[in-house]
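Peer 1: Pasting a structure below so you can have a look.
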Amino acid sequence: MDDFVLNPALERGMAYGEEQRAILSLAKAREAREHIARWDGYGATPLHDLIELAHRHRVAQVLYKDEGKRFSLRSFKALGGAYAVDRLVAKNGAAGLTVTCATDGNHGRAVAWGAARAGAKAVIYVHEGVSEGRAEAIRSFGATVVREGSNYDASVRASTEAAARNGWEIVSDTSWPGYEDVPRDVMQGYAVLAMEASEQGADPTHIFIQGGVGGVAAAMLSYYWEKFGANRPKLIVVEPDKAACLFESAKSRRVEFVEGDLDTVMAGLACGEPSILAWQLLGPGADAFMTVTDQEAIAAMQLLAEFHVVGGESGVAGLAGFLKAAANPNIRTALELDPTSRVLLIGTEGATDPALYTEFVGMTPEEIEA
Ligand SMILES: Cc1ncc(COP(=O)(O)O)c(C=O)c1O
C-alpha cells in the first residue's frame with residue numbers, strides 16, 4: 001500500500017511530559033479558550049452525528065465537527081491566526097504593528113480578520129495557485145494581498161523576507177528552527193476544537209484529521225495525549241497524495257520535504273514542508289498516516305452534501321480518509337476499525353470558495369443547507 005502507513009516510530013506509552021507541554025498543553029488550551037470565548041460571535045461549532053454514514057461503514061459512530069460555522073470565516077483557522085495576533089498585540093500594542101503571513105487562503109483570512117479586530121495592519125502573501133475568490137475574501141478584511149511564489153512554501157519565504165525588510169511581525173502557522181513562539185500560539189488556539197468536541201460529548205476511539213503542515217493534527221493529538229495518555233484515541237493524519245510531506249516524514253522517521261507545485265484541489269493542505277513543532281508531537285504520537293486523491297476528496301464533499309452538511313475541499317480530507325480506511329479490509333484491521341469504533345472528523349472548512357464548491361458538488365452551499 002502506498003497510501004497508508006502505520007507510524008513506524010510510534011511510542012504510544014510515552015508520557016506527555018514537560019518537553020511536550022512546552023509545545024502545547026491543556027493549561028494553555030484553557031487559556032486560549034477563555035480568551036477566544038470573549039470574542040464577539042463566539043459559539044462552539046456544530047457537531048453532526050452522521051448516524052446513517054456510520055451504519056453504512058460498519059462503525060458505531062461518525063461525528064463531524066463543522067468548522068464552516070466558525071465565526072464569519074468558515075474555517076477553524078480563525079482560532080489560530082487571530083489568537084496569535086491578539087497575543088502579539090498584548091505584547092507590543094497595535095500602534096504601528098503590521099502583521100504578515102503566507103497563506104493558501106484560510107490562515108491569511110484569519111490573520112487579516114484578527115488584525116482588523118485588533119487595529120493592526122496586515123499584508124498577506126498568496127501563491128499563484130490561490131483562487132481569486134480566496135484572495136478577495138482576505139482583502140475584505142482590509143488587508144493588502146501580495147501574490148508571490150509558485151507554491152505555499154515559496155510564499156512563506158517571500159513573506160519572511162518582506163517582514164525582515166519592513167520590520168513586520170510574521171504570524172505564520174508553520175514553524176522552523178528559531179521561529180516557534182507564534183506558531184505555538186496558533187496551534188494552541190486550534191486545540192479549542194478538541195475542548196469543544198469533548199464538551200459536546202465526543203468520546204472518540206479514532207480521529208481522522210487532515211494535515212497541511214501538521215499544526216491542527218498536532219493540536220488534536222496534544223489534547224488527547226495529555227488527557228488520556230496511552231488510552232487516547234488513535235490519530236490518523238490524512239493528506240493529499242500530491243502534498244504528502246507528513247506521510248513521507250513518517251515513512252523515513254524524520255522531517256521530509258516534498259517538492260513541486262503541490263497541485264491539489266485541497267488548497268489548504270498543499271504544503272510540502274512540515275511544521276517542525278508539529279512534527280515533534282506527530283512523530284512519536286500519531287498512529288498512522290494516509291493519503292487521498294482529489295477525486296476522493298470531491299466524492300467526500302458530495303457524500304457529505306447528502307447529509308445537508310457543507311464541507312470544503314480541504315475540510316473533508318479526514319472524511320475521505322475514513323471512507324477509504326473503512327472500505328479497505330487491510331486498513332480496517334490495521335486501525336482496529338470495527339462496529340464498536342467511534343470516529344471523530346474535523347470538518348476544518350465549509351465553502352471557503354463558494355464558486356469552487358458549487359462546481360464540485362453541483363449545488364450551492366445555500367441549497368445544500370436548505
Ligand atoms: C481547511 C484547512 N484544513 C486543514 C488545514 C491544515 O492545517 P495544518 O497546516 O495546521 O496542518 C488547513 C491549513 O491551511 C486548512 O486551511
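Ordering of the C-alpha cells sets the chain letters (A, B, ...); residue numbers start at 1 within each chain; ligands are numbered from 1 in the order shown.
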Set the distance at 12 Å and use only C-alpha atoms: which residues neighbour Asp3 of chain A once local chain neighbours fewer than 4 positions away are removed? I'd like the list as a list in words.
Peer 2: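 Close residues of Asp3 of chain A: Val237, Val238, Glu239, Pro240, Asp241, Lys242, Ala244, Phe247, Glu248, Lys251, Ala288, Phe289, Met290, Thr291, Val292, Thr293, Gly321, Lys324, Ala325, Asn328, Asn330 and Ile331 of chain A.
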Peer 1: Hey, can you spit out that residue selection with C-alpha atoms as a PDB file, in the first residue's frame?
Peer 2:
ATOM      1  CA  VAL A 237      -3.262  12.009   9.643  1.00  0.00           C
ATOM      2  CA  VAL A 238      -4.736  12.364   6.136  1.00  0.00           C
ATOM      3  CA  GLU A 239      -3.033  14.328   3.334  1.00  0.00           C
ATOM      4  CA  PRO A 240      -3.487  14.876  -0.395  1.00  0.00           C
ATOM      5  CA  ASP A 241      -1.376  12.393  -2.366  1.00  0.00           C
ATOM      6  CA  LYS A 242       0.186  15.380  -4.160  1.00  0.00           C
ATOM      7  CA  ALA A 244       2.127  14.353   1.497  1.00  0.00           C
ATOM      8  CA  PHE A 247       3.284  10.835   5.214  1.00  0.00           C
ATOM      9  CA  GLU A 248       6.789  10.876   3.710  1.00  0.00           C
ATOM     10  CA  LYS A 251       7.949   6.633   6.419  1.00  0.00           C
ATOM     11  CA  ALA A 288      -0.975   6.277  11.153  1.00  0.00           C
ATOM     12  CA  PHE A 289      -0.630   8.417   8.041  1.00  0.00           C
ATOM     13  CA  MET A 290      -2.531   8.128   4.795  1.00  0.00           C
ATOM     14  CA  THR A 291      -3.151   9.959   1.542  1.00  0.00           C
ATOM     15  CA  VAL A 292      -6.255  10.639  -0.513  1.00  0.00           C
ATOM     16  CA  THR A 293      -6.692  11.759  -4.110  1.00  0.00           C
ATOM     17  CA  GLY A 321      -9.514   9.164   4.669  1.00  0.00           C
ATOM     18  CA  LYS A 324     -11.039   4.854   2.283  1.00  0.00           C
ATOM     19  CA  ALA A 325      -9.941   3.144   5.508  1.00  0.00           C
ATOM     20  CA  ASN A 328     -10.260  -1.435   2.830  1.00  0.00           C
ATOM     21  CA  ASN A 330      -6.330  -4.299   5.458  1.00  0.00           C
ATOM     22  CA  ILE A 331      -6.575  -0.743   6.755  1.00  0.00           C
TER      23      ILE A 331
END
Peer 1: Can you tell me, as a tab-separated table (two decimals) with C-alpha atoms, in the first residue's frame, which residues in segment 48-249 of chain A count as helix (DSSP H, G or I) by DSSP?
Peer 2:
chain	number	residue	atom	x	y	z
A	51	ILE	CA	-25.79	8.04	12.01
A	52	GLU	CA	-26.58	6.66	8.55
A	53	LEU	CA	-22.97	7.09	7.43
A	54	ALA	CA	-21.73	5.17	10.49
A	55	HIS	CA	-24.20	2.41	9.73
A	56	ARG	CA	-23.13	2.19	6.09
A	67	GLU	CA	-15.89	24.46	11.22
A	68	GLY	CA	-17.72	26.04	8.30
A	69	LYS	CA	-19.66	27.74	11.06
A	78	ALA	CA	-9.91	31.70	12.97
A	79	LEU	CA	-8.95	30.02	16.24
A	80	GLY	CA	-5.23	30.07	15.45
A	81	GLY	CA	-4.20	33.08	13.38
A	82	ALA	CA	-6.42	35.60	15.12
A	83	TYR	CA	-5.45	34.30	18.56
A	84	ALA	CA	-1.76	34.67	17.71
A	85	VAL	CA	-2.38	38.25	16.51
A	86	ASP	CA	-4.08	39.05	19.83
A	87	ARG	CA	-1.12	37.63	21.75
A	88	LEU	CA	1.27	39.82	19.73
A	89	VAL	CA	-0.87	42.89	20.31
A	90	ALA	CA	-0.95	42.13	24.04
A	91	LYS	CA	2.87	42.15	24.00
A	92	ASN	CA	3.63	45.01	21.58
A	106	ASN	CA	-7.73	30.29	5.34
A	107	HIS	CA	-4.83	31.23	7.59
A	108	GLY	CA	-4.42	34.60	5.84
A	109	ARG	CA	-8.10	35.26	6.23
A	110	ALA	CA	-7.80	34.56	9.97
A	111	VAL	CA	-4.74	36.81	10.38
A	112	ALA	CA	-6.38	39.63	8.38
A	113	TRP	CA	-9.55	39.28	10.46
A	114	GLY	CA	-7.55	39.26	13.70
A	115	ALA	CA	-5.53	42.32	12.62
A	116	ALA	CA	-8.68	44.24	11.69
A	117	ARG	CA	-10.25	43.41	15.04
A	118	ALA	CA	-7.10	44.42	16.94
A	132	GLU	CA	-9.03	34.93	-6.66
A	133	GLY	CA	-12.15	34.24	-4.57
A	134	ARG	CA	-9.95	33.39	-1.61
A	135	ALA	CA	-7.69	36.45	-2.17
A	136	GLU	CA	-10.74	38.68	-2.30
A	137	ALA	CA	-12.04	37.29	0.99
A	138	ILE	CA	-8.74	38.34	2.61
A	139	ARG	CA	-8.97	41.85	1.12
A	152	TYR	CA	2.84	27.75	-0.36
A	153	ASP	CA	6.40	27.18	0.79
A	154	ALA	CA	7.70	29.77	-1.70
A	155	SER	CA	5.17	32.33	-0.44
A	156	VAL	CA	6.28	31.60	3.14
A	157	ARG	CA	9.80	32.60	2.11
A	158	ALA	CA	8.54	35.73	0.33
A	159	SER	CA	6.60	36.92	3.39
A	160	THR	CA	9.55	36.17	5.68
A	161	GLU	CA	11.89	38.26	3.53
A	162	ALA	CA	9.39	41.12	3.34
A	163	ALA	CA	9.00	41.05	7.12
A	164	ALA	CA	12.76	41.36	7.60
A	165	ARG	CA	12.94	44.29	5.13
A	166	ASN	CA	9.99	46.19	6.60
A	181	ASP	CA	6.61	31.24	19.59
A	182	VAL	CA	3.92	32.48	17.23
A	183	PRO	CA	3.14	29.10	15.62
A	184	ARG	CA	2.89	27.66	19.11
A	185	ASP	CA	0.14	30.22	19.85
A	186	VAL	CA	-1.54	29.42	16.53
A	187	MET	CA	-1.63	25.71	17.32
A	188	GLN	CA	-2.73	26.35	20.89
A	189	GLY	CA	-5.74	28.21	19.53
A	190	TYR	CA	-6.61	25.17	17.40
A	192	VAL	CA	-10.01	24.76	21.39
A	193	LEU	CA	-11.56	22.48	18.77
A	194	ALA	CA	-10.82	19.40	20.81
A	195	MET	CA	-12.06	21.02	24.03
A	196	GLU	CA	-15.35	21.95	22.41
A	197	ALA	CA	-15.80	18.49	20.91
A	198	SER	CA	-15.28	16.90	24.33
A	199	GLU	CA	-17.78	19.22	25.93
A	215	GLY	CA	-0.49	22.06	13.09
A	216	VAL	CA	-4.12	21.12	13.61
A	217	ALA	CA	-3.27	17.41	13.76
A	218	ALA	CA	-0.68	18.14	16.47
A	219	ALA	CA	-3.19	20.27	18.38
A	220	MET	CA	-5.78	17.47	18.39
A	221	LEU	CA	-3.15	14.92	19.36
A	222	SER	CA	-1.78	17.02	22.20
A	223	TYR	CA	-5.18	17.42	23.82
A	224	TYR	CA	-6.00	13.72	23.88
A	225	TRP	CA	-2.43	12.60	24.65
A	226	GLU	CA	-2.11	14.83	27.72
A	227	LYS	CA	-5.61	13.95	28.90
A	228	PHE	CA	-5.65	10.19	28.32
A	229	GLY	CA	-2.01	9.11	27.82
A	230	ALA	CA	-1.71	5.69	26.18
A	231	ASN	CA	-5.51	5.29	26.33
A	245	CYS	CA	5.06	15.73	3.49
A	246	LEU	CA	3.91	14.25	6.80
A	247	PHE	CA	3.28	10.84	5.21
A	248	GLU	CA	6.79	10.88	3.71
A	249	SER	CA	8.27	12.04	7.03
Peer 1: Just want the residues within 6 Å of ligand 1, written as number ranges by chain, counting only C-alpha atoms and all ligand atoms.
Peer 2: A: 75, 106-107, 210-216, 268-269, 314-315, 348-349
Peer 1: What are the DSSP strand (DSSP E) residues of segment 139-245 of chain A, as a PyMOL selection string?
Peer 2: chain A and resi 144-147+169-170+206-210+234-240
Peer 1: List as an mmCIF file with N, CA and C atoms, in the first residue's frame the protein and nucleic acid residues near Asp263 of chain A, meaning an atom at most 10 Å away when only C-alpha atoms are counted, but skip any in the same chain fewer than 2 places from it.
Peer 2:
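And here is the file that came out, part-v1.cif:
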data_model
loop_
_atom_site.group_PDB
_atom_site.id
_atom_site.type_symbol
_atom_site.label_atom_id
_atom_site.label_comp_id
_atom_site.auth_asym_id
_atom_site.auth_seq_id
_atom_site.Cartn_x
_atom_site.Cartn_y
_atom_site.Cartn_z
ATOM 1 N N GLY A 129 -1.300 29.635 -7.026
ATOM 2 C CA GLY A 129 -2.415 28.685 -7.095
ATOM 3 C C GLY A 129 -3.629 29.077 -6.263
ATOM 4 N N ASN A 151 4.317 28.146 -4.999
ATOM 5 C CA ASN A 151 3.557 27.298 -4.076
ATOM 6 C C ASN A 151 3.633 27.885 -2.658
ATOM 7 N N PRO A 240 -3.349 15.107 1.042
ATOM 8 C CA PRO A 240 -3.487 14.876 -0.395
ATOM 9 C C PRO A 240 -2.287 14.076 -0.891
ATOM 10 N N ASP A 241 -2.508 13.176 -1.849
ATOM 11 C CA ASP A 241 -1.376 12.393 -2.366
ATOM 12 C C ASP A 241 -0.336 13.299 -3.035
ATOM 13 N N LYS A 242 -0.759 14.490 -3.463
ATOM 14 C CA LYS A 242 0.186 15.380 -4.160
ATOM 15 C C LYS A 242 0.966 16.299 -3.211
ATOM 16 N N ALA A 243 0.680 16.248 -1.921
ATOM 17 C CA ALA A 243 1.377 17.122 -0.963
ATOM 18 C C ALA A 243 1.499 16.397 0.374
ATOM 19 N N GLY A 260 7.809 20.555 -5.721
ATOM 20 C CA GLY A 260 6.871 20.650 -6.849
ATOM 21 C C GLY A 260 5.777 21.657 -6.604
ATOM 22 N N ASP A 261 4.792 21.687 -7.526
ATOM 23 C CA ASP A 261 3.759 22.717 -7.380
ATOM 24 C C ASP A 261 2.611 22.263 -6.475
ATOM 25 N N VAL A 265 -6.672 19.995 -5.355
ATOM 26 C CA VAL A 265 -7.836 20.841 -5.050
ATOM 27 C C VAL A 265 -7.917 21.144 -3.554
ATOM 28 N N MET A 266 -7.234 20.336 -2.749
ATOM 29 C CA MET A 266 -7.246 20.570 -1.299
ATOM 30 C C MET A 266 -6.237 21.668 -0.972
ATOM 31 N N ALA A 267 -6.588 22.904 -1.348
ATOM 32 C CA ALA A 267 -5.644 24.023 -1.302
ATOM 33 C C ALA A 267 -5.057 24.222 0.098
ATOM 34 N N ALA A 270 -2.044 21.965 0.754
ATOM 35 C CA ALA A 270 -0.982 21.931 -0.264
ATOM 36 C C ALA A 270 0.322 22.457 0.311
ATOM 37 N N CYS A 271 0.864 21.737 1.277
ATOM 38 C CA CYS A 271 2.101 22.157 1.941
ATOM 39 C C CYS A 271 3.139 21.058 1.746
ATOM 40 N N ASP A 294 -7.548 13.771 -5.145
ATOM 41 C CA ASP A 294 -8.530 14.839 -5.342
ATOM 42 C C ASP A 294 -9.927 14.251 -5.572
#
Peer 1: I'd like the interatomic distance between atom CA of Leu345 of chain A and atom CA of Tyr64 of chain A, to a tenth of an Å.
Peer 2: 4.8 Å
Peer 1: Give me the residues within 12 Å of segment 305-307 of chain A as number ranges by chain, counting only C-alpha atoms and dropping any in the same chain fewer than 2 places off.
Peer 2: A: 48-53, 64, 298-303, 309-312, 316, 350-351, 357-358, 360-370
Peer 1: Which is closest to Arg342 of chain A among A:Tyr42, A:Phe208, A:Phe4, A:Tyr179, if we use only C-alpha atoms?
Peer 2: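 Nearest candidate to Arg342 of chain A out of A:Tyr42, A:Phe208, A:Phe4, A:Tyr179: A:Phe208.
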Peer 1: Could you check which of A:Gly13, A:Pro8, A:Pro177, A:Gly96 is closest to Ser275 of chain A, using only C-alpha atoms?
Peer 2: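 Closest candidate: A:Pro177.
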Peer 1: Pick the closest to Ala297 of chain A from A:Val146, A:Leu277, A:Leu319, A:Ile207: which is it, counting only C-alpha atoms?
Peer 2: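 Selected residue with least distance to Ala297 of chain A: A:Leu319.
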Peer 1: Just checking: using only C-alpha atoms, which residue out of A:Trp176, A:Tyr125, A:Tyr16, A:Phe257 ends up closest to Asp104 of chain A?
Peer 2: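 Ranking A:Trp176, A:Tyr125, A:Tyr16, A:Phe257 by distance to Asp104 of chain A, first place goes to A:Tyr125.
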